[in-house]
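*Asks:* This one is final-v2.csv, CSV, C-alpha atoms.
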```csv
chain,number,residue,atom,x,y,z
A,1,MET,CA,103.4,100.2,77.3
A,2,GLN,CA,102.9,102.3,74.2
A,3,THR,CA,99.4,103.7,74.1
A,4,ALA,CA,96.6,105.0,76.4
A,5,THR,CA,94.5,102.1,75.3
A,6,GLU,CA,97.0,99.6,76.7
A,7,ALA,CA,97.1,101.6,79.9
A,8,GLU,CA,93.3,101.5,80.1
A,9,GLU,CA,93.4,97.8,79.6
A,10,HIS,CA,95.9,97.4,82.4
A,11,LEU,CA,93.7,99.5,84.7
A,12,ARG,CA,90.7,97.4,83.7
A,13,VAL,CA,92.5,94.1,84.6
A,14,ILE,CA,93.7,95.6,87.9
A,15,ARG,CA,90.1,96.7,88.8
A,16,SER,CA,88.7,93.3,87.8
A,17,LEU,CA,91.2,91.4,89.9
A,18,MET,CA,90.6,93.7,92.9
A,19,GLU,CA,86.8,93.2,92.7
A,20,LYS,CA,87.2,89.5,92.3
A,21,ALA,CA,89.5,89.3,95.3
A,22,THR,CA,87.4,91.4,97.6
A,23,ILE,CA,85.2,89.1,99.5
A,24,TYR,CA,82.0,90.7,100.9
A,25,ARG,CA,80.0,89.0,103.6
A,26,ALA,CA,76.4,90.3,103.4
A,27,VAL,CA,75.5,88.6,106.7
A,28,SER,CA,78.1,88.7,109.5
A,29,ALA,CA,78.0,86.3,112.4
A,30,PRO,CA,76.9,89.0,114.9
A,31,THR,CA,74.1,90.1,112.5
A,32,ALA,CA,73.0,86.5,112.1
A,33,LEU,CA,72.9,86.2,115.9
A,34,ALA,CA,70.9,89.5,116.2
A,35,GLY,CA,68.5,88.2,113.6
A,36,GLY,CA,68.1,84.9,115.4
A,37,ILE,CA,67.4,86.7,118.7
A,38,ALA,CA,65.0,89.2,117.1
A,39,GLY,CA,63.1,86.3,115.5
A,40,VAL,CA,62.8,84.5,118.8
A,41,ILE,CA,61.5,87.6,120.6
A,42,VAL,CA,58.8,88.5,118.0
A,43,GLY,CA,57.8,84.9,117.8
A,44,THR,CA,57.1,84.5,121.6
A,45,ALA,CA,53.6,84.3,122.9
A,46,PRO,CA,53.5,87.5,124.9
A,47,VAL,CA,54.8,89.6,122.0
A,48,GLN,CA,52.4,87.9,119.7
A,49,GLY,CA,49.5,88.6,122.1
A,50,PHE,CA,50.5,92.3,122.4
A,51,PHE,CA,50.6,92.8,118.6
A,52,ASN,CA,47.5,90.7,118.0
A,53,GLN,CA,45.6,93.0,120.3
A,54,HIS,CA,46.9,96.3,118.8
A,55,PHE,CA,47.3,95.2,115.2
A,56,PRO,CA,44.6,92.6,114.5
A,57,GLY,CA,45.0,91.0,111.1
A,58,THR,CA,48.4,92.4,110.4
A,59,SER,CA,50.2,91.3,113.6
A,60,PHE,CA,52.3,88.7,111.8
A,61,GLN,CA,53.6,91.1,109.1
A,62,ILE,CA,54.3,93.9,111.5
A,63,ARG,CA,56.2,91.7,114.0
A,64,TRP,CA,58.4,90.2,111.4
A,65,LEU,CA,59.1,93.6,109.8
A,66,LEU,CA,60.1,94.8,113.2
A,67,ALA,CA,62.5,91.9,113.6
A,68,LEU,CA,63.9,92.8,110.1
A,69,PHE,CA,64.4,96.4,110.9
A,70,VAL,CA,66.0,95.7,114.3
A,71,THR,CA,68.4,93.3,112.6
A,72,LEU,CA,69.2,95.8,109.8
A,73,ALA,CA,69.8,98.5,112.3
A,74,ILE,CA,72.2,96.4,114.2
A,75,ASN,CA,73.9,95.4,110.9
A,76,GLY,CA,74.2,99.1,110.0
A,77,LEU,CA,75.8,99.9,113.3
A,78,LEU,CA,78.3,97.0,113.0
A,79,ILE,CA,79.2,98.1,109.4
A,80,LEU,CA,79.6,101.7,110.6
A,81,ARG,CA,81.9,100.7,113.5
A,82,GLU,CA,84.0,98.4,111.3
A,83,ALA,CA,84.4,101.1,108.6
A,84,GLN,CA,85.4,103.6,111.2
A,85,ARG,CA,88.0,101.2,112.7
A,86,ARG,CA,89.5,100.5,109.3
A,87,GLY,CA,89.2,104.1,108.1
A,88,ASP,CA,87.2,102.9,105.1
A,89,PRO,CA,84.1,104.6,103.6
A,90,VAL,CA,80.8,103.2,105.1
A,91,VAL,CA,79.4,102.4,101.6
A,92,SER,CA,82.2,100.3,100.3
A,93,PRO,CA,82.4,99.0,96.7
A,94,GLY,CA,81.7,95.5,98.2
A,95,MET,CA,78.5,96.8,99.8
A,96,ARG,CA,77.3,98.4,96.6
A,97,THR,CA,77.9,95.2,94.7
A,98,ALA,CA,76.1,93.1,97.3
A,99,PHE,CA,73.2,95.6,97.3
A,100,ARG,CA,72.8,95.3,93.5
A,101,ALA,CA,72.8,91.5,93.7
A,102,LEU,CA,70.3,91.4,96.6
A,103,LEU,CA,67.9,94.0,95.4
A,104,PRO,CA,65.8,92.0,92.8
A,105,PRO,CA,65.1,88.9,95.1
A,106,VAL,CA,64.5,91.1,98.1
A,107,LEU,CA,62.1,93.3,96.2
A,108,CYS,CA,60.2,90.1,95.1
A,109,GLY,CA,60.2,88.8,98.7
A,110,GLY,CA,58.8,92.1,99.9
A,111,VAL,CA,55.9,92.1,97.4
A,112,PHE,CA,55.0,88.4,98.3
A,113,PHE,CA,55.3,89.2,102.0
A,114,ALA,CA,52.8,92.0,101.7
A,115,LEU,CA,50.3,90.3,99.5
A,116,LEU,CA,50.3,86.6,100.3
A,117,PRO,CA,48.2,84.9,103.0
A,118,GLY,CA,50.2,83.9,106.1
A,119,THR,CA,50.5,80.2,105.2
A,120,TYR,CA,52.7,80.9,102.2
A,121,VAL,CA,54.7,83.8,103.6
A,122,PRO,CA,57.4,81.8,105.4
A,123,ALA,CA,58.1,79.7,102.3
A,124,PHE,CA,58.4,82.6,99.9
A,125,LEU,CA,60.4,84.7,102.2
A,126,ALA,CA,62.9,81.8,102.7
A,127,ILE,CA,63.0,81.2,98.9
A,128,PHE,CA,63.7,84.9,98.0
A,129,TYR,CA,66.1,85.4,100.9
A,130,GLY,CA,68.0,82.3,99.8
A,131,LEU,CA,68.1,83.5,96.2
A,132,GLY,CA,69.4,86.8,97.4
A,133,LEU,CA,72.2,85.3,99.4
A,134,LEU,CA,73.1,83.0,96.5
A,135,ALA,CA,73.2,86.1,94.2
A,136,THR,CA,76.1,87.3,96.3
A,137,ALA,CA,77.9,83.9,96.2
A,138,HIS,CA,80.5,84.8,93.6
A,139,PHE,CA,82.1,87.4,95.9
A,140,ALA,CA,81.0,86.0,99.3
A,141,PRO,CA,82.5,83.4,101.5
A,142,LYS,CA,81.3,79.8,101.1
A,143,SER,CA,79.3,79.9,104.3
A,144,ILE,CA,76.9,82.5,102.7
A,145,ALA,CA,76.3,80.1,99.8
A,146,TRP,CA,75.5,77.4,102.3
A,147,LEU,CA,73.1,79.7,104.2
A,148,GLY,CA,71.5,80.6,100.9
A,149,TRP,CA,71.0,77.0,99.8
A,150,SER,CA,69.6,76.1,103.3
A,151,PHE,CA,66.9,78.9,102.9
A,152,LEU,CA,66.1,78.0,99.3
A,153,VAL,CA,65.7,74.3,100.0
A,154,ALA,CA,63.7,74.9,103.2
A,155,GLY,CA,61.5,77.4,101.4
A,156,LEU,CA,60.8,75.1,98.4
A,157,VAL,CA,60.0,72.2,100.7
A,158,THR,CA,57.7,74.3,102.8
A,159,PHE,CA,56.0,75.7,99.7
A,160,ILE,CA,55.4,72.3,98.1
A,161,PHE,CA,54.1,70.9,101.4
A,162,SER,CA,51.8,73.9,101.9
A,163,LEU,CA,50.5,73.7,98.4
A,164,LEU,CA,49.7,70.0,98.7
A,165,THR,CA,48.2,70.0,102.2
A,166,ASN,CA,47.1,73.6,102.7
A,167,ARG,CA,49.0,73.7,105.9
A,168,LEU,CA,52.7,74.1,107.0
A,169,PRO,CA,55.0,71.2,107.6
A,170,GLY,CA,54.7,69.5,111.0
A,171,GLY,CA,51.5,71.4,111.7
A,172,LEU,CA,53.7,74.5,112.5
A,173,THR,CA,52.1,78.0,112.5
A,174,PRO,CA,53.7,80.6,110.2
A,175,ASP,CA,55.4,82.1,113.3
A,176,LEU,CA,57.0,78.8,114.3
A,177,THR,CA,58.1,78.2,110.7
A,178,MET,CA,59.7,81.6,110.6
A,179,LEU,CA,61.4,80.8,113.9
A,180,ALA,CA,62.7,77.5,112.7
A,181,THR,CA,64.1,79.0,109.4
A,182,PHE,CA,65.0,82.7,110.0
A,183,GLY,CA,65.7,82.1,113.7
A,184,GLY,CA,67.2,78.6,113.6
A,185,PHE,CA,69.3,79.0,110.4
A,186,HIS,CA,70.8,82.3,111.6
A,187,PHE,CA,71.7,80.8,114.9
A,188,ILE,CA,73.4,77.9,113.3
A,189,TYR,CA,75.2,80.2,110.9
A,190,ALA,CA,76.4,82.5,113.7
A,191,ALA,CA,77.6,79.5,115.7
A,192,CYS,CA,79.5,78.1,112.7
A,193,THR,CA,81.1,81.3,111.5
A,194,TRP,CA,81.8,83.0,114.9
A,195,PRO,CA,84.9,80.9,115.7
A,196,ARG,CA,86.4,81.6,112.3
A,197,ARG,CA,85.7,85.3,112.7
A,198,ALA,CA,87.4,85.4,116.1
A,199,SER,CA,90.5,83.6,114.7
A,200,SER,CA,90.7,85.9,111.7
A,201,ALA,CA,90.4,88.9,113.9
A,202,ARG,CA,93.3,87.6,116.0
A,203,GLY,CA,95.4,87.2,112.8
A,204,THR,CA,94.8,90.7,111.6
A,205,PRO,CA,97.9,92.9,112.2
B,206,MET,CA,104.5,113.3,75.3
B,207,PHE,CA,104.5,111.0,78.3
B,208,ASP,CA,107.7,109.5,79.6
B,209,PHE,CA,106.9,105.8,79.7
B,210,ASP,CA,110.2,105.1,81.5
B,211,LYS,CA,108.5,106.3,84.6
B,212,LEU,CA,106.6,103.0,84.8
B,213,ASP,CA,108.0,100.6,87.4
B,214,LYS,CA,109.3,97.7,85.3
B,215,VAL,CA,109.3,95.4,88.3
B,216,ILE,CA,105.5,95.8,88.8
B,217,HIS,CA,104.7,96.2,85.1
B,218,GLU,CA,105.3,92.5,84.2
B,219,LYS,CA,101.8,90.9,83.9
B,220,SER,CA,102.1,88.2,86.5
B,221,ARG,CA,103.8,90.5,89.1
B,222,LEU,CA,101.1,93.1,88.4
B,223,GLY,CA,98.5,90.5,89.3
B,224,ILE,CA,100.4,89.6,92.5
B,225,MET,CA,100.7,93.2,93.5
B,226,THR,CA,97.0,93.8,92.8
B,227,LEU,CA,95.9,90.9,94.9
B,228,LEU,CA,98.2,91.8,97.8
B,229,ALA,CA,96.7,95.3,97.7
B,230,THR,CA,93.3,93.9,98.5
B,231,ARG,CA,93.9,92.1,101.8
B,232,PRO,CA,96.4,92.3,104.7
B,233,SER,CA,98.0,89.0,103.5
B,234,TRP,CA,97.6,86.2,101.0
B,235,SER,CA,98.7,82.6,101.4
B,236,PHE,CA,100.8,81.0,98.6
B,237,GLN,CA,98.0,78.6,97.7
B,238,ASP,CA,95.3,81.3,97.4
B,239,LEU,CA,97.6,83.4,95.2
B,240,LYS,CA,98.3,80.4,93.1
B,241,ALA,CA,94.6,79.6,92.7
B,242,GLU,CA,93.5,83.1,92.0
B,243,LEU,CA,96.2,83.8,89.4
B,244,GLU,CA,96.4,80.3,87.9
B,245,LEU,CA,100.2,80.3,87.9
B,246,SER,CA,102.5,77.3,88.3
B,247,ASP,CA,104.4,76.9,91.7
B,248,GLY,CA,107.7,77.7,90.0
B,249,ASN,CA,106.4,80.8,88.2
B,250,LEU,CA,104.7,82.2,91.3
B,251,ILE,CA,107.8,81.6,93.5
B,252,THR,CA,110.1,83.3,90.9
B,253,HIS,CA,107.9,86.4,90.7
B,254,LEU,CA,107.4,86.6,94.5
B,255,ARG,CA,111.1,86.3,95.0
B,256,THR,CA,111.7,89.2,92.5
B,257,LEU,CA,109.1,91.3,94.4
B,258,HIS,CA,110.6,90.4,97.7
B,259,GLU,CA,114.2,91.2,96.5
B,260,HIS,CA,112.9,94.7,95.5
B,261,GLY,CA,111.5,95.2,99.0
B,262,TYR,CA,107.9,95.2,97.7
B,263,VAL,CA,106.6,92.0,99.4
B,264,ALA,CA,107.1,90.7,102.9
B,265,VAL,CA,107.1,86.9,103.6
B,266,THR,CA,105.7,85.3,106.7
B,267,LYS,CA,106.2,81.6,107.4
B,268,GLU,CA,104.1,80.1,110.2
B,269,VAL,CA,102.8,76.7,111.2
B,270,LEU,CA,99.0,76.6,111.9
B,271,ASP,CA,97.4,73.2,111.0
B,272,ARG,CA,100.3,72.8,108.6
B,273,PRO,CA,103.3,75.0,107.5
B,274,GLN,CA,102.0,78.0,105.5
B,275,THR,CA,103.7,80.9,103.8
B,276,SER,CA,101.8,84.1,103.5
B,277,TYR,CA,102.7,87.3,101.6
B,278,SER,CA,101.8,90.9,102.1
B,279,LEU,CA,102.8,94.3,100.7
B,280,THR,CA,105.4,96.3,102.4
B,281,SER,CA,104.9,100.0,102.8
B,282,LYS,CA,107.4,100.5,100.0
B,283,GLY,CA,105.5,98.0,97.8
B,284,ARG,CA,102.2,99.8,98.5
B,285,THR,CA,103.6,103.2,97.7
B,286,SER,CA,105.2,101.8,94.5
B,287,PHE,CA,102.0,100.2,93.4
B,288,GLN,CA,100.1,103.4,94.1
B,289,ASP,CA,102.6,105.3,92.0
B,290,TYR,CA,102.3,102.8,89.2
B,291,LEU,CA,98.5,103.2,89.2
B,292,ASN,CA,98.9,107.0,89.2
B,293,ILE,CA,101.2,106.8,86.2
B,294,LEU,CA,98.8,104.5,84.3
B,295,GLU,CA,96.0,107.0,85.0
B,296,GLN,CA,98.2,109.9,83.7
B,297,ILE,CA,98.9,107.9,80.5
B,298,VAL,CA,95.1,107.4,80.0
B,299,LYS,CA,94.4,111.0,80.7
B,300,ALA,CA,97.2,112.1,78.3
B,301,GLY,CA,95.7,109.8,75.6
B,302,ARG,CA,92.3,111.4,75.9
B,303,GLN,CA,93.6,115.0,75.5
```
Go through the file and emit its structure as structure tokens.
*Replies:*
Amino acid sequence: MQTATEAEEHLRVIRSLMEKATIYRAVSAPTALAGGIAGVIVGTAPVQGFFNQHFPGTSFQIRWLLALFVTLAINGLLILREAQRRGDPVVSPGMRTAFRALLPPVLCGGVFFALLPGTYVPAFLAIFYGLGLLATAHFAPKSIAWLGWSFLVAGLVTFIFSLLTNRLPGGLTPDLTMLATFGGFHFIYAACTWPRRASSARGTP
Amino acid sequence: MFDFDKLDKVIHEKSRLGIMTLLATRPSWSFQDLKAELELSDGNLITHLRTLHEHGYVAVTKEVLDRPQTSYSLTSKGRTSFQDYLNILEQIVKAGRQ
């Protein structure tokens, strides 16, 4: 080691290796479970009826935004608790990287969600959510990539079907399509990743 | 002028620096994961891990899960030495900028 430039190069290599090695899971198993449950609740007939009565015309958007906020709030609490347990900062470098990757597709999903008619909303939300998850794939576990591909493929199939027939696959309503994708996929993801999560927690000193 | 002899020569070797860096990111790493991440041959990786272990920087755990697996982690001495190494690198950079 002779110069400051060489020292800088070493520090850059160390930083790059550390970032590459740090796996960040943007959707944890408990968050996925919470998302699935929130989806089921806002999709049920009594809740639909309540919102249809009080928010005619925008009931669908408001209910699913509510499900999103509840899921995000639970996710925030879980992240906070985990950060406190480890003694790490709440906003970790991994979280910042994930946020940067997720922002563009999530922004697009939000605009489409607000402006499109109900028939196309489930397809575009699934497409952009899937793209968002896939944008984190290079520093996330493989299960996140699988979840991303599931949403992307389901969203594209739903969109093409809607475009050709002007209705949703299987004659489903937008609510049932959201339940099948956002509810169903998250339940499956939680069921598949929860055992691994438990075993890794047992192995942590 | 900075005293470059302060740099820990055990850690300073490129492959061992990579190993120490990865071990600093998680509680433990399996041999296979280290090998895949650093793209080193079995022999090379074993040699460097042995050197780090002999200096008390790395702890080795052998266990049988589905199959026998060896995992490696930083000891507290290793973590402190790595942190010291990083601090010295930073001082060199700062000294170079002045």
*Asks:* Give me, as an NGL selection string, the contact residues of chain B against chain A at a cut-off of 9 Å, counting only C-alpha atoms.
*Replies:* :B and (209 or 212 or 217 or 219 or 222-223 or 226-227 or 229-233 or 242 or 291 or 294-302)
*Asks:* Go ahead and save the picked residues with C-alpha atoms, as a PDB file, keeping the file's coordinate frame.
*Replies:*
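Ended up saving to again.pdb:
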```
ATOM      1  CA  PHE B 209     106.900 105.800  79.700  1.00  0.00           C
ATOM      2  CA  LEU B 212     106.600 103.000  84.800  1.00  0.00           C
ATOM      3  CA  HIS B 217     104.700  96.200  85.100  1.00  0.00           C
ATOM      4  CA  LYS B 219     101.800  90.900  83.900  1.00  0.00           C
ATOM      5  CA  LEU B 222     101.100  93.100  88.400  1.00  0.00           C
ATOM      6  CA  GLY B 223      98.500  90.500  89.300  1.00  0.00           C
ATOM      7  CA  THR B 226      97.000  93.800  92.800  1.00  0.00           C
ATOM      8  CA  LEU B 227      95.900  90.900  94.900  1.00  0.00           C
ATOM      9  CA  ALA B 229      96.700  95.300  97.700  1.00  0.00           C
ATOM     10  CA  THR B 230      93.300  93.900  98.500  1.00  0.00           C
ATOM     11  CA  ARG B 231      93.900  92.100 101.800  1.00  0.00           C
ATOM     12  CA  PRO B 232      96.400  92.300 104.700  1.00  0.00           C
ATOM     13  CA  SER B 233      98.000  89.000 103.500  1.00  0.00           C
ATOM     14  CA  GLU B 242      93.500  83.100  92.000  1.00  0.00           C
ATOM     15  CA  LEU B 291      98.500 103.200  89.200  1.00  0.00           C
ATOM     16  CA  LEU B 294      98.800 104.500  84.300  1.00  0.00           C
ATOM     17  CA  GLU B 295      96.000 107.000  85.000  1.00  0.00           C
ATOM     18  CA  GLN B 296      98.200 109.900  83.700  1.00  0.00           C
ATOM     19  CA  ILE B 297      98.900 107.900  80.500  1.00  0.00           C
ATOM     20  CA  VAL B 298      95.100 107.400  80.000  1.00  0.00           C
ATOM     21  CA  LYS B 299      94.400 111.000  80.700  1.00  0.00           C
ATOM     22  CA  ALA B 300      97.200 112.100  78.300  1.00  0.00           C
ATOM     23  CA  GLY B 301      95.700 109.800  75.600  1.00  0.00           C
ATOM     24  CA  ARG B 302      92.300 111.400  75.900  1.00  0.00           C
TER      25      ARG B 302
END
```
*Asks:* Please identify all polymer residues within 12 Å of Leu245 (chain B), counting all atoms listed in the file, omitting same-chain residues fewer than 5 positions from it, and present them as a PyMOL selection string.
*Replies:* chain B and resi 219-221+223-224+236-240+250-254
*Asks:* What's around Trp64 (chain A) at 10 Å? Count all atoms listed in the file, leave out sequence neighbours fewer than 5 positions away in its own chain, and write the answer as an NGL selection string.
*Replies:* :A and (38-39 or 42-43 or 59 or 69-70 or 113 or 175 or 178)
*Asks:* Out of A:His186, A:His138, A:Arg12, A:Arg100, which residue has the shortest atom-to-atom distance to Ser150 (chain A) when counting all atoms listed in the file?
*Replies:*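 Among the listed residues, the smallest separation from Ser150 (chain A) belongs to A:His186.
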*Asks:* CA of Ser143 (chain A) and CA of Thr193 (chain A), how far apart in Å?
*Replies:*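 Value for the CA of Thr193 (chain A)-CA of Ser143 (chain A) distance: 7.6 Å.
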*Asks:* Which residue out of A:Leu147, A:Val157, A:Ile127, A:Leu133 has the minimum interatomic distance to Gly184 (chain A) when all atoms listed in the file are used?
*Replies:*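 Among the listed residues, the smallest separation from Gly184 (chain A) belongs to A:Leu147.
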*Asks:* Report, in Å to a single decimal, how far apart CA of Glu82 (chain A) and CA of Ser281 (chain B) are.
*Replies:*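 Between CA of Ser281 (chain B) and CA of Glu82 (chain A) the gap is 22.6 Å.
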*Asks:* Would you kindly return, as a list in words, each protein, DNA or RNA residue with an atom no farther than 9 Å from any atom of Trp234 (chain B), considering all atoms listed in the file and excluding same-chain residues fewer than 5 positions away?
*Replies:*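 Within the cut-off, the hits are Leu227, Leu228, Leu239, Thr275, Ser276, Tyr277 and Ser278 of chain B.
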